Amino acid sequence: MIHLLAYRPLIDPLDLHHVWFLLLLPLALLVSIAYKAVRVDDMKHFWPATLWMTAQVIVGMVALGFAFYVVIEWLVPIIAPTPM
Amino acid sequence: MTPPADTSDPTPFDPIAGVLALILPGAGHLIQRKYKRAACIALGILGLYFGGLLIGGISVVDRQSPRSETRISFIAQALVGPIAFATNAIHQSQFKTTVNRTDDRGRPLPPVIAPPGKNRMDLSLGKVNEIGVLYTVIAGMLNFIVFLDALLPTHRREDEEKDAEPVRTTGALDAVLKKGAS
């Protein structure tokens, strides 16, 4: 509690080590907002395009994470087993 | 035989908007009267930049960091504009926790912890630091895309709609124009 009282926004870091992966959600949304603001042809379609891109980024990151998990945990031990 | 005249539109070039986009994200599009785009660009890029500072603290922007990856990250962060340089200046002057040293020949030595002062901050470490740096670096790289779009504006559908809109004039002017045309 005392640590929280001493917190200064933008100066001190937030203690979010245990939920760091959730910070990728606002990252995907803000990147999509800035990118689609430049890319979209008609601003009427801005928010649907932004939300679609956000969903694509999140699904892509989860898929990449799962793929790396499979490679590191399953494939690498088969290809290069640890010597006994 | 003379070559056919080039009837294609020249590529638009707007250096003032380009410079403004580098000074403040969204300002380049604002001067081009693309208000909605400017607001969304400012929301996205400034949201990323200040979001990164909020998560990782001011230590994510450090041009003179002992860590080479943080120093290199400043190249991308600088593309956000003067805000990044101001953040770095505040960090160096008010909150620096380490002091860089060099030997007699100017070669770098390991940094030492700065003497305690009233403005000492907590250094961000691990994932929180990495995510904070990532936010600010992506903000800078996106602002480079925005800078290019402001410098070399694309002709979009909404611009065509604006061009197609009838010019609002007074009745007297319409009459003069009609008379001139007939």
# chains A, B, ... in the order shown; residues from 1 in each chain; ligands from 1

call {"tool": "residues_around", "arguments": {"residues": "Pro26 in chain A", "least_positions_apart": "5", "cutoff": "12 Å", "atoms": "only C-alpha atoms", "output": "list of chain:residue names"}}
result
A:Trp20, A:Phe21, A:Val31, A:Ser32, A:Ile33, A:Leu51, A:Thr54, A:Ala55, A:Val57, A:Ile58, B:Gly44, B:Gly47, B:Leu48, B:Gly51, B:Gly52, B:Ile55, B:Ile131, B:Tyr135

call {"tool": "write_last_selection", "arguments": {"atoms": "all heavy atoms", "output": "CSV table (one decimal), in the first residue's frame"}}
result
chain,number,residue,atom,x,y,z
A,20,TRP,N,1.8,-9.3,-17.8
A,20,TRP,CA,2.5,-8.6,-18.9
A,20,TRP,C,1.8,-8.9,-20.2
A,20,TRP,O,1.8,-8.0,-21.1
A,20,TRP,CB,4.0,-8.9,-18.9
A,20,TRP,CG,4.3,-10.3,-19.3
A,20,TRP,CD1,4.5,-11.3,-18.4
A,20,TRP,CD2,4.4,-10.8,-20.6
A,20,TRP,NE1,4.7,-12.4,-19.1
A,20,TRP,CE2,4.7,-12.2,-20.4
A,20,TRP,CE3,4.4,-10.3,-21.9
A,20,TRP,CZ2,4.9,-13.0,-21.5
A,20,TRP,CZ3,4.5,-11.1,-22.9
A,20,TRP,CH2,4.8,-12.5,-22.7
A,21,PHE,N,1.4,-10.1,-20.4
A,21,PHE,CA,0.8,-10.5,-21.7
A,21,PHE,C,-0.5,-9.8,-22.0
A,21,PHE,O,-0.8,-9.6,-23.2
A,21,PHE,CB,0.6,-12.0,-21.7
A,21,PHE,CG,-0.1,-12.6,-20.6
A,21,PHE,CD1,-1.5,-12.6,-20.6
A,21,PHE,CD2,0.5,-13.0,-19.4
A,21,PHE,CE1,-2.2,-13.1,-19.5
A,21,PHE,CE2,-0.1,-13.5,-18.3
A,21,PHE,CZ,-1.5,-13.5,-18.4
A,31,VAL,N,-2.0,0.3,-32.1
A,31,VAL,CA,-1.3,0.2,-33.4
A,31,VAL,C,-2.3,0.2,-34.6
A,31,VAL,O,-2.1,0.8,-35.6
A,31,VAL,CB,-0.4,-1.1,-33.4
A,31,VAL,CG1,0.1,-1.4,-34.8
A,31,VAL,CG2,0.8,-1.0,-32.5
A,32,SER,N,-3.4,-0.5,-34.4
A,32,SER,CA,-4.4,-0.6,-35.4
A,32,SER,C,-5.1,0.7,-35.7
A,32,SER,O,-5.3,1.1,-36.8
A,32,SER,CB,-5.5,-1.6,-35.1
A,32,SER,OG,-4.9,-2.9,-34.8
A,33,ILE,N,-5.3,1.5,-34.6
A,33,ILE,CA,-5.9,2.8,-34.7
A,33,ILE,C,-5.0,3.7,-35.6
A,33,ILE,O,-5.5,4.3,-36.5
A,33,ILE,CB,-6.2,3.4,-33.3
A,33,ILE,CG1,-7.4,2.7,-32.7
A,33,ILE,CG2,-6.5,4.9,-33.4
A,33,ILE,CD1,-7.6,3.2,-31.2
A,51,LEU,N,-11.0,-2.7,-35.7
A,51,LEU,CA,-11.3,-3.8,-34.8
A,51,LEU,C,-10.9,-5.1,-35.5
A,51,LEU,O,-10.4,-6.1,-34.8
A,51,LEU,CB,-12.8,-3.8,-34.4
A,51,LEU,CG,-13.2,-2.6,-33.6
A,51,LEU,CD1,-14.7,-2.6,-33.3
A,51,LEU,CD2,-12.5,-2.6,-32.2
A,54,THR,N,-7.2,-5.4,-35.2
A,54,THR,CA,-6.8,-5.8,-33.8
A,54,THR,C,-7.0,-7.3,-33.5
A,54,THR,O,-6.1,-7.9,-33.0
A,54,THR,CB,-7.7,-5.0,-32.8
A,54,THR,OG1,-7.6,-3.6,-33.1
A,54,THR,CG2,-7.3,-5.2,-31.4
A,55,ALA,N,-8.2,-7.8,-34.0
A,55,ALA,CA,-8.4,-9.2,-33.8
A,55,ALA,C,-7.4,-10.1,-34.6
A,55,ALA,O,-6.9,-11.1,-34.0
A,55,ALA,CB,-9.8,-9.5,-34.3
A,57,VAL,N,-4.3,-9.3,-35.3
A,57,VAL,CA,-3.0,-9.2,-34.6
A,57,VAL,C,-3.0,-10.1,-33.4
A,57,VAL,O,-2.0,-10.8,-33.1
A,57,VAL,CB,-2.7,-7.7,-34.2
A,57,VAL,CG1,-1.5,-7.6,-33.3
A,57,VAL,CG2,-2.4,-6.9,-35.4
A,58,ILE,N,-4.1,-10.0,-32.6
A,58,ILE,CA,-4.2,-10.8,-31.4
A,58,ILE,C,-4.1,-12.3,-31.7
A,58,ILE,O,-3.4,-13.1,-31.1
A,58,ILE,CB,-5.4,-10.5,-30.5
A,58,ILE,CG1,-5.2,-9.0,-30.0
A,58,ILE,CG2,-5.6,-11.4,-29.4
A,58,ILE,CD1,-6.5,-8.4,-29.4
B,44,GLY,N,-3.7,7.2,-31.5
B,44,GLY,CA,-2.9,6.0,-31.7
B,44,GLY,C,-1.5,6.2,-31.2
B,44,GLY,O,-1.0,5.4,-30.4
B,47,GLY,N,-1.1,7.8,-27.7
B,47,GLY,CA,-1.5,6.7,-26.7
B,47,GLY,C,-0.5,5.7,-26.6
B,47,GLY,O,-0.2,5.2,-25.4
B,48,LEU,N,0.2,5.3,-27.6
B,48,LEU,CA,1.2,4.3,-27.5
B,48,LEU,C,2.4,4.8,-26.8
B,48,LEU,O,3.0,4.2,-25.9
B,48,LEU,CB,1.7,3.9,-28.9
B,48,LEU,CG,0.9,2.8,-29.7
B,48,LEU,CD1,1.4,2.7,-31.1
B,48,LEU,CD2,1.1,1.4,-29.0
B,51,GLY,N,1.4,5.5,-23.2
B,51,GLY,CA,1.2,4.2,-22.6
B,51,GLY,C,2.4,3.5,-22.2
B,51,GLY,O,2.6,2.9,-21.2
B,52,GLY,N,3.4,3.6,-23.1
B,52,GLY,CA,4.8,3.0,-22.8
B,52,GLY,C,5.4,3.6,-21.6
B,52,GLY,O,6.0,2.9,-20.8
B,55,ILE,N,3.6,2.4,-18.5
B,55,ILE,CA,3.9,1.0,-18.1
B,55,ILE,C,5.3,0.9,-17.6
B,55,ILE,O,5.5,0.3,-16.5
B,55,ILE,CB,3.7,0.1,-19.3
B,55,ILE,CG1,2.2,0.0,-19.7
B,55,ILE,CG2,4.2,-1.3,-19.1
B,55,ILE,CD1,1.9,-0.5,-21.1
B,131,ILE,N,8.1,-4.2,-22.5
B,131,ILE,CA,6.8,-3.8,-23.1
B,131,ILE,C,6.8,-2.3,-23.2
B,131,ILE,O,6.3,-1.7,-24.2
B,131,ILE,CB,5.6,-4.3,-22.3
B,131,ILE,CG1,5.7,-5.9,-22.2
B,131,ILE,CG2,4.3,-3.8,-22.8
B,131,ILE,CD1,4.9,-6.6,-23.2
B,135,TYR,N,6.2,-0.3,-26.8
B,135,TYR,CA,5.2,0.7,-27.0
B,135,TYR,C,5.8,2.0,-27.6
B,135,TYR,O,5.3,2.5,-28.6
B,135,TYR,CB,4.5,1.1,-25.7
B,135,TYR,CG,3.2,0.3,-25.4
B,135,TYR,CD1,3.3,-1.1,-25.1
B,135,TYR,CD2,2.0,0.9,-25.3
B,135,TYR,CE1,2.2,-1.8,-24.7
B,135,TYR,CE2,0.9,0.1,-24.9
B,135,TYR,CZ,1.0,-1.2,-24.6
B,135,TYR,OH,-0.1,-1.9,-24.3

call {"tool": "interface_residues", "arguments": {"of": "chain B", "to": "chain A", "cutoff": "9 Å", "atoms": "only C-alpha atoms", "output": "number ranges by chain"}}
result
B: 36-45, 47-48, 50-59, 91, 95, 121-129, 131-132, 134-135, 138-139, 142-143, 145-146, 149, 155-158

call {"tool": "closest_residue", "arguments": {"among": "B:Ser68, B:Arg63, B:Leu151, B:His29", "to": "Ala86 in chain B", "atoms": "only C-alpha atoms"}}
result
B:Arg63

call {"tool": "closest_residue", "arguments": {"among": "B:Pro110, B:Gly140, B:Gly26, B:Pro15", "to": "Phe74 in chain B", "atoms": "only C-alpha atoms"}}
result
B:Gly140

call {"tool": "select_by_dssp", "arguments": {"residues": "range 6-131 of chain B", "states": "strand (DSSP E)", "output": "list in words"}}
result
Thr98, Val99, Asn100, Arg101, Thr102, Pro108, Leu109, Pro110, Pro111, Val112 and Ile113 of chain B

call {"tool": "select_by_dssp", "arguments": {"residues": "range 20-164 of chain B", "states": "helix (DSSP H, G or I)", "output": "short mmCIF file (atom, residue, chain, number, x, y, z; two decimals) with N, CA, C and O atoms, in the first residue's frame"}}
result
data_model
loop_
_atom_site.label_atom_id
_atom_site.label_comp_id
_atom_site.auth_asym_id
_atom_site.auth_seq_id
_atom_site.Cartn_x
_atom_site.Cartn_y
_atom_site.Cartn_z
N LEU B 20 5.29 19.20 -39.92
CA LEU B 20 4.35 19.25 -38.78
C LEU B 20 4.08 17.86 -38.22
O LEU B 20 3.94 17.69 -37.01
N ALA B 21 4.01 16.85 -39.11
CA ALA B 21 3.78 15.47 -38.65
C ALA B 21 4.94 14.99 -37.78
O ALA B 21 4.74 14.20 -36.85
N LEU B 22 6.15 15.47 -38.08
CA LEU B 22 7.30 15.08 -37.26
C LEU B 22 7.33 15.84 -35.94
O LEU B 22 7.86 15.34 -34.95
N ILE B 23 6.77 17.05 -35.94
CA ILE B 23 6.79 17.85 -34.71
C ILE B 23 5.75 17.32 -33.72
O ILE B 23 6.02 17.15 -32.54
N ALA B 27 -0.49 16.41 -36.56
CA ALA B 27 -0.54 17.83 -36.95
C ALA B 27 -0.45 17.98 -38.48
O ALA B 27 -1.04 18.91 -39.04
N GLY B 28 0.27 17.09 -39.14
CA GLY B 28 0.38 17.15 -40.60
C GLY B 28 -0.96 16.95 -41.28
O GLY B 28 -1.30 17.65 -42.24
N HIS B 29 -1.73 16.00 -40.78
CA HIS B 29 -3.05 15.75 -41.36
C HIS B 29 -4.05 16.84 -40.94
O HIS B 29 -4.97 17.13 -41.68
N LEU B 30 -3.80 17.42 -39.77
CA LEU B 30 -4.68 18.50 -39.30
C LEU B 30 -4.60 19.69 -40.25
O LEU B 30 -5.62 20.27 -40.62
N ILE B 31 -3.39 20.03 -40.68
CA ILE B 31 -3.23 21.18 -41.58
C ILE B 31 -3.79 20.87 -42.98
O ILE B 31 -4.14 21.79 -43.72
N TYR B 35 -9.46 16.14 -40.40
CA TYR B 35 -9.58 16.25 -38.95
C TYR B 35 -9.75 14.90 -38.26
O TYR B 35 -9.16 14.63 -37.23
N LYS B 36 -10.59 14.04 -38.87
CA LYS B 36 -10.84 12.73 -38.25
C LYS B 36 -9.57 11.88 -38.25
O LYS B 36 -9.23 11.24 -37.25
N ARG B 37 -8.89 11.89 -39.39
CA ARG B 37 -7.62 11.14 -39.48
C ARG B 37 -6.61 11.66 -38.47
O ARG B 37 -5.93 10.89 -37.80
N ALA B 38 -6.50 12.99 -38.38
CA ALA B 38 -5.54 13.60 -37.46
C ALA B 38 -5.83 13.17 -36.02
O ALA B 38 -4.91 12.82 -35.27
N ALA B 39 -7.11 13.17 -35.66
CA ALA B 39 -7.48 12.80 -34.29
C ALA B 39 -7.14 11.34 -34.02
O ALA B 39 -6.62 11.00 -32.95
N CYS B 40 -7.42 10.47 -34.99
CA CYS B 40 -7.14 9.04 -34.80
C CYS B 40 -5.63 8.78 -34.74
O CYS B 40 -5.16 7.96 -33.94
N ILE B 41 -4.87 9.50 -35.57
CA ILE B 41 -3.40 9.35 -35.56
C ILE B 41 -2.85 9.79 -34.20
O ILE B 41 -2.03 9.10 -33.59
N ALA B 42 -3.31 10.95 -33.73
CA ALA B 42 -2.83 11.45 -32.43
C ALA B 42 -3.20 10.48 -31.32
O ALA B 42 -2.37 10.19 -30.44
N LEU B 43 -4.44 9.96 -31.37
CA LEU B 43 -4.86 9.00 -30.34
C LEU B 43 -3.96 7.75 -30.36
O LEU B 43 -3.50 7.29 -29.32
N GLY B 44 -3.73 7.22 -31.55
CA GLY B 44 -2.94 5.99 -31.66
C GLY B 44 -1.49 6.19 -31.24
O GLY B 44 -0.97 5.44 -30.39
N ILE B 45 -0.83 7.20 -31.81
CA ILE B 45 0.61 7.35 -31.58
C ILE B 45 0.90 7.91 -30.18
O ILE B 45 1.75 7.38 -29.46
N LEU B 46 0.19 8.95 -29.79
CA LEU B 46 0.43 9.50 -28.44
C LEU B 46 -0.04 8.52 -27.38
O LEU B 46 0.56 8.43 -26.30
N GLY B 47 -1.09 7.76 -27.68
CA GLY B 47 -1.54 6.71 -26.75
C GLY B 47 -0.48 5.65 -26.56
O GLY B 47 -0.22 5.22 -25.43
N LEU B 48 0.16 5.25 -27.65
CA LEU B 48 1.24 4.26 -27.55
C LEU B 48 2.43 4.84 -26.77
O LEU B 48 2.99 4.17 -25.90
N TYR B 49 2.80 6.07 -27.10
CA TYR B 49 3.99 6.67 -26.47
C TYR B 49 3.79 6.84 -24.96
O TYR B 49 4.60 6.37 -24.15
N PHE B 50 2.68 7.50 -24.59
CA PHE B 50 2.45 7.74 -23.17
C PHE B 50 2.04 6.45 -22.45
O PHE B 50 2.29 6.30 -21.25
N GLY B 51 1.44 5.51 -23.18
CA GLY B 51 1.15 4.19 -22.61
C GLY B 51 2.45 3.48 -22.24
O GLY B 51 2.55 2.85 -21.18
N GLY B 52 3.45 3.58 -23.11
CA GLY B 52 4.76 2.99 -22.84
C GLY B 52 5.41 3.61 -21.62
O GLY B 52 5.98 2.91 -20.78
N LEU B 53 5.29 4.95 -21.51
CA LEU B 53 5.85 5.63 -20.33
C LEU B 53 5.11 5.23 -19.06
O LEU B 53 5.71 5.05 -18.01
N LEU B 54 3.79 5.08 -19.18
CA LEU B 54 2.98 4.70 -18.03
C LEU B 54 3.35 3.30 -17.54
O LEU B 54 3.46 3.06 -16.34
N ILE B 55 3.57 2.39 -18.49
CA ILE B 55 3.86 1.00 -18.12
C ILE B 55 5.30 0.87 -17.59
O ILE B 55 5.53 0.31 -16.53
N GLY B 56 6.25 1.38 -18.38
CA GLY B 56 7.66 1.14 -18.05
C GLY B 56 8.34 2.26 -17.30
O GLY B 56 9.50 2.14 -16.90
N ILE B 58 9.71 6.38 -16.92
CA ILE B 58 10.51 7.26 -17.78
C ILE B 58 11.83 6.60 -18.20
O ILE B 58 12.46 7.02 -19.16
N SER B 59 12.21 5.52 -17.51
CA SER B 59 13.49 4.88 -17.85
C SER B 59 13.46 4.16 -19.19
O SER B 59 14.50 3.72 -19.67
N VAL B 60 12.28 4.03 -19.83
CA VAL B 60 12.25 3.37 -21.15
C VAL B 60 12.81 4.30 -22.24
O VAL B 60 13.16 3.83 -23.33
N SER B 68 22.85 -1.17 -24.43
CA SER B 68 22.90 -0.75 -25.84
C SER B 68 21.53 -0.84 -26.50
O SER B 68 21.18 -0.01 -27.34
N GLU B 69 20.70 -1.84 -26.12
CA GLU B 69 19.39 -1.98 -26.77
C GLU B 69 18.48 -0.78 -26.45
O GLU B 69 17.70 -0.35 -27.30
N THR B 70 18.60 -0.22 -25.25
CA THR B 70 17.80 0.97 -24.90
C THR B 70 18.31 2.19 -25.68
O THR B 70 17.52 3.01 -26.14
N ARG B 71 19.63 2.28 -25.84
CA ARG B 71 20.20 3.40 -26.62
C ARG B 71 19.75 3.31 -28.07
O ARG B 71 19.36 4.31 -28.67
N ILE B 72 19.79 2.11 -28.65
CA ILE B 72 19.38 1.93 -30.05
C ILE B 72 17.89 2.20 -30.19
O ILE B 72 17.45 2.80 -31.19
N SER B 73 17.11 1.82 -29.18
CA SER B 73 15.66 2.05 -29.23
C SER B 73 15.33 3.53 -29.37
O SER B 73 14.30 3.90 -29.93
N PHE B 74 16.21 4.39 -28.85
CA PHE B 74 15.93 5.83 -28.91
C PHE B 74 15.88 6.34 -30.35
O PHE B 74 15.20 7.33 -30.63
N ILE B 75 16.56 5.65 -31.26
CA ILE B 75 16.51 6.07 -32.68
C ILE B 75 15.07 6.03 -33.16
O ILE B 75 14.59 6.95 -33.82
N ALA B 76 14.36 4.93 -32.85
CA ALA B 76 12.95 4.81 -33.25
C ALA B 76 12.06 5.73 -32.42
O ALA B 76 11.15 6.37 -32.95
N GLN B 77 12.34 5.82 -31.12
CA GLN B 77 11.52 6.69 -30.25
C GLN B 77 11.60 8.15 -30.70
O GLN B 77 10.60 8.88 -30.60
N ALA B 78 12.76 8.55 -31.21
CA ALA B 78 12.95 9.95 -31.63
C ALA B 78 12.00 10.34 -32.75
O ALA B 78 11.71 11.52 -32.94
N LEU B 79 11.51 9.35 -33.51
CA LEU B 79 10.60 9.66 -34.62
C LEU B 79 9.24 10.15 -34.13
O LEU B 79 8.46 10.67 -34.92
N VAL B 80 8.95 10.02 -32.84
CA VAL B 80 7.71 10.60 -32.29
C VAL B 80 7.81 12.13 -32.31
O VAL B 80 6.81 12.82 -32.38
N PRO B 82 9.66 16.00 -30.94
CA PRO B 82 10.27 16.70 -29.79
C PRO B 82 9.83 16.14 -28.44
O PRO B 82 10.56 16.29 -27.46
N ILE B 83 8.67 15.48 -28.41
CA ILE B 83 8.20 14.90 -27.14
C ILE B 83 9.22 13.89 -26.62
O ILE B 83 9.52 13.85 -25.42
N ALA B 84 9.78 13.09 -27.53
CA ALA B 84 10.76 12.06 -27.13
C ALA B 84 12.04 12.71 -26.62
O ALA B 84 12.61 12.26 -25.62
N PHE B 85 12.47 13.78 -27.30
CA PHE B 85 13.70 14.47 -26.86
C PHE B 85 13.47 15.15 -25.50
O PHE B 85 14.36 15.17 -24.66
N ALA B 86 12.27 15.71 -25.32
CA ALA B 86 11.95 16.34 -24.03
C ALA B 86 11.92 15.29 -22.92
O ALA B 86 12.45 15.53 -21.83
N THR B 87 11.33 14.13 -23.21
CA THR B 87 11.29 13.05 -22.21
C THR B 87 12.70 12.64 -21.83
O THR B 87 13.03 12.47 -20.65
N ASN B 88 13.56 12.48 -22.85
CA ASN B 88 14.95 12.07 -22.59
C ASN B 88 15.68 13.14 -21.77
O ASN B 88 16.42 12.81 -20.83
N ALA B 89 15.45 14.41 -22.11
CA ALA B 89 16.12 15.49 -21.38
C ALA B 89 15.68 15.51 -19.91
O ALA B 89 16.52 15.67 -19.01
N ILE B 90 14.37 15.31 -19.68
CA ILE B 90 13.87 15.28 -18.29
C ILE B 90 14.48 14.09 -17.55
O ILE B 90 14.90 14.20 -16.40
N HIS B 91 14.53 12.95 -18.27
CA HIS B 91 15.12 11.75 -17.65
C HIS B 91 16.58 11.99 -17.25
O HIS B 91 16.98 11.71 -16.12
N GLN B 92 17.35 12.55 -18.20
CA GLN B 92 18.78 12.73 -17.93
C GLN B 92 19.02 13.75 -16.82
O GLN B 92 19.91 13.58 -15.98
N SER B 93 18.21 14.83 -16.81
CA SER B 93 18.49 15.92 -15.86
C SER B 93 17.86 15.69 -14.48
O SER B 93 18.40 16.17 -13.49
N GLN B 94 16.74 14.99 -14.44
CA GLN B 94 16.01 14.90 -13.17
C GLN B 94 16.05 13.52 -12.51
O GLN B 94 15.97 13.42 -11.30
N PHE B 95 16.07 12.46 -13.33
CA PHE B 95 15.80 11.14 -12.77
C PHE B 95 16.88 10.09 -13.01
O PHE B 95 16.65 8.91 -12.78
N GLY B 126 12.87 -6.21 -16.60
CA GLY B 126 12.18 -7.39 -17.12
C GLY B 126 11.13 -7.07 -18.16
O GLY B 126 11.29 -6.16 -18.98
N LYS B 127 10.03 -7.82 -18.10
CA LYS B 127 8.98 -7.72 -19.12
C LYS B 127 8.35 -6.32 -19.17
O LYS B 127 8.05 -5.80 -20.24
N VAL B 128 8.14 -5.70 -18.00
CA VAL B 128 7.51 -4.38 -17.97
C VAL B 128 8.37 -3.37 -18.73
O VAL B 128 7.86 -2.56 -19.51
N ASN B 129 9.68 -3.44 -18.54
CA ASN B 129 10.58 -2.55 -19.28
C ASN B 129 10.52 -2.85 -20.78
O ASN B 129 10.44 -1.93 -21.60
N GLU B 130 10.54 -4.13 -21.12
CA GLU B 130 10.52 -4.50 -22.54
C GLU B 130 9.23 -4.04 -23.22
O GLU B 130 9.26 -3.52 -24.34
N ILE B 131 8.09 -4.21 -22.53
CA ILE B 131 6.81 -3.80 -23.13
C ILE B 131 6.76 -2.28 -23.24
O ILE B 131 6.28 -1.74 -24.24
N GLY B 132 7.26 -1.58 -22.23
CA GLY B 132 7.28 -0.11 -22.29
C GLY B 132 8.13 0.38 -23.45
O GLY B 132 7.72 1.29 -24.19
N VAL B 133 9.30 -0.22 -23.62
CA VAL B 133 10.17 0.16 -24.76
C VAL B 133 9.46 -0.17 -26.08
O VAL B 133 9.47 0.62 -27.02
N LEU B 134 8.82 -1.35 -26.14
CA LEU B 134 8.11 -1.76 -27.36
C LEU B 134 7.03 -0.75 -27.74
O LEU B 134 6.92 -0.35 -28.90
N TYR B 135 6.23 -0.32 -26.77
CA TYR B 135 5.18 0.68 -27.03
C TYR B 135 5.78 1.95 -27.65
O TYR B 135 5.29 2.45 -28.65
N THR B 136 6.83 2.47 -27.03
CA THR B 136 7.38 3.75 -27.48
C THR B 136 8.09 3.62 -28.83
O THR B 136 8.02 4.52 -29.65
N VAL B 137 8.74 2.47 -29.06
CA VAL B 137 9.43 2.25 -30.34
C VAL B 137 8.40 2.14 -31.47
O VAL B 137 8.57 2.74 -32.54
N ILE B 138 7.32 1.39 -31.23
CA ILE B 138 6.29 1.25 -32.27
C ILE B 138 5.62 2.60 -32.54
O ILE B 138 5.30 2.92 -33.69
N ALA B 139 5.45 3.42 -31.50
CA ALA B 139 4.88 4.77 -31.70
C ALA B 139 5.75 5.56 -32.66
O ALA B 139 5.24 6.21 -33.59
N GLY B 140 7.06 5.49 -32.49
CA GLY B 140 7.98 6.21 -33.38
C GLY B 140 7.92 5.69 -34.80
O GLY B 140 7.87 6.46 -35.76
N MET B 141 7.90 4.37 -34.95
CA MET B 141 7.89 3.79 -36.31
C MET B 141 6.57 4.11 -37.03
O MET B 141 6.55 4.39 -38.23
N LEU B 142 5.46 4.09 -36.27
CA LEU B 142 4.18 4.45 -36.89
C LEU B 142 4.16 5.92 -37.30
O LEU B 142 3.59 6.28 -38.32
N ASN B 143 4.80 6.78 -36.49
CA ASN B 143 4.82 8.20 -36.85
C ASN B 143 5.64 8.43 -38.12
O ASN B 143 5.39 9.39 -38.85
N PHE B 144 6.57 7.55 -38.41
CA PHE B 144 7.31 7.67 -39.68
C PHE B 144 6.38 7.38 -40.86
O PHE B 144 6.44 8.07 -41.88
N ILE B 145 5.49 6.39 -40.71
CA ILE B 145 4.50 6.10 -41.76
C ILE B 145 3.57 7.31 -41.93
O ILE B 145 3.26 7.72 -43.05
N VAL B 146 3.15 7.88 -40.79
CA VAL B 146 2.27 9.06 -40.82
C VAL B 146 2.98 10.24 -41.50
O VAL B 146 2.38 10.96 -42.31
N PHE B 147 4.27 10.41 -41.20
CA PHE B 147 5.06 11.48 -41.82
C PHE B 147 5.08 11.32 -43.34
O PHE B 147 4.86 12.29 -44.08
N LEU B 148 5.30 10.08 -43.81
CA LEU B 148 5.32 9.84 -45.26
C LEU B 148 3.96 10.13 -45.89
O LEU B 148 3.88 10.69 -46.98
N ASP B 149 2.89 9.75 -45.17
CA ASP B 149 1.54 9.98 -45.71
C ASP B 149 1.21 11.47 -45.75
O ASP B 149 0.51 11.92 -46.65
N ALA B 150 1.71 12.23 -44.78
CA ALA B 150 1.47 13.68 -44.78
C ALA B 150 2.32 14.37 -45.84
O ALA B 150 1.87 15.29 -46.51
N LEU B 151 3.55 13.86 -46.03
CA LEU B 151 4.48 14.46 -47.01
C LEU B 151 4.00 14.20 -48.43
O LEU B 151 4.04 15.08 -49.29
N ARG B 157 -10.87 8.36 -51.43
CA ARG B 157 -12.26 8.49 -51.88
C ARG B 157 -12.94 9.71 -51.24
O ARG B 157 -13.67 10.43 -51.87
N GLU B 158 -12.65 9.96 -49.96
CA GLU B 158 -13.29 11.10 -49.29
C GLU B 158 -12.85 12.43 -49.90
O GLU B 158 -13.61 13.39 -49.91
N ASP B 159 -11.60 12.46 -50.44
CA ASP B 159 -11.14 13.67 -51.12
C ASP B 159 -11.94 13.88 -52.41
O ASP B 159 -12.28 15.00 -52.77
N GLU B 160 -12.21 12.75 -53.13
CA GLU B 160 -12.99 12.84 -54.37
C GLU B 160 -14.39 13.35 -54.07
O GLU B 160 -14.94 14.17 -54.80
N GLU B 161 -14.95 12.88 -52.92
CA GLU B 161 -16.29 13.34 -52.54
C GLU B 161 -16.27 14.84 -52.24
O GLU B 161 -17.18 15.57 -52.61
N LYS B 162 -15.19 15.28 -51.60
CA LYS B 162 -15.07 16.71 -51.30
C LYS B 162 -14.98 17.52 -52.60
O LYS B 162 -15.59 18.57 -52.74
N ASP B 163 -14.20 16.97 -53.57
CA ASP B 163 -14.05 17.67 -54.86
C ASP B 163 -15.38 17.73 -55.60
O ASP B 163 -15.67 18.69 -56.31
N ALA B 164 -16.19 16.65 -55.45
CA ALA B 164 -17.45 16.58 -56.19
C ALA B 164 -18.55 17.44 -55.57
O ALA B 164 -19.55 17.73 -56.21
#

call {"tool": "atom_distance", "arguments": {"atom1": "CA of Leu152 in chain B", "atom2": "CA of Asp14 in chain B"}}
result
6.3 Å

call {"tool": "atom_distance", "arguments": {"atom1": "CA of Pro153 in chain B", "atom2": "CA of Phe13 in chain B"}}
result
7.0 Å

call {"tool": "atom_distance", "arguments": {"atom1": "CA of Met53 in chain A", "atom2": "CA of Ala67 in chain A"}}
result
20.6 Å

call {"tool": "decode", "arguments": {"residues": "range 55-60 of chain A", "atoms": "N, CA, C and O atoms", "output": "PDB file, in the first residue's frame"}}
result
ATOM      1  N   ALA A  55      -8.167  -7.779 -34.009  1.00  0.00           N
ATOM      2  CA  ALA A  55      -8.443  -9.214 -33.818  1.00  0.00           C
ATOM      3  C   ALA A  55      -7.403 -10.063 -34.553  1.00  0.00           C
ATOM      4  O   ALA A  55      -6.915 -11.068 -34.012  1.00  0.00           O
ATOM      5  N   GLN A  56      -7.046  -9.644 -35.773  1.00  0.00           N
ATOM      6  CA  GLN A  56      -6.040 -10.394 -36.545  1.00  0.00           C
ATOM      7  C   GLN A  56      -4.691 -10.411 -35.828  1.00  0.00           C
ATOM      8  O   GLN A  56      -4.026 -11.451 -35.770  1.00  0.00           O
ATOM      9  N   VAL A  57      -4.298  -9.254 -35.278  1.00  0.00           N
ATOM     10  CA  VAL A  57      -2.994  -9.171 -34.584  1.00  0.00           C
ATOM     11  C   VAL A  57      -3.002 -10.078 -33.356  1.00  0.00           C
ATOM     12  O   VAL A  57      -2.044 -10.834 -33.113  1.00  0.00           O
ATOM     13  N   ILE A  58      -4.093 -10.029 -32.584  1.00  0.00           N
ATOM     14  CA  ILE A  58      -4.161 -10.835 -31.350  1.00  0.00           C
ATOM     15  C   ILE A  58      -4.148 -12.329 -31.689  1.00  0.00           C
ATOM     16  O   ILE A  58      -3.383 -13.108 -31.099  1.00  0.00           O
ATOM     17  N   VAL A  59      -4.969 -12.724 -32.669  1.00  0.00           N
ATOM     18  CA  VAL A  59      -4.998 -14.143 -33.066  1.00  0.00           C
ATOM     19  C   VAL A  59      -3.624 -14.560 -33.607  1.00  0.00           C
ATOM     20  O   VAL A  59      -3.123 -15.653 -33.290  1.00  0.00           O
ATOM     21  N   GLY A  60      -2.998 -13.676 -34.378  1.00  0.00           N
ATOM     22  CA  GLY A  60      -1.658 -13.976 -34.918  1.00  0.00           C
ATOM     23  C   GLY A  60      -0.632 -14.172 -33.816  1.00  0.00           C
ATOM     24  O   GLY A  60       0.182 -15.104 -33.869  1.00  0.00           O
TER      25      GLY A  60
END
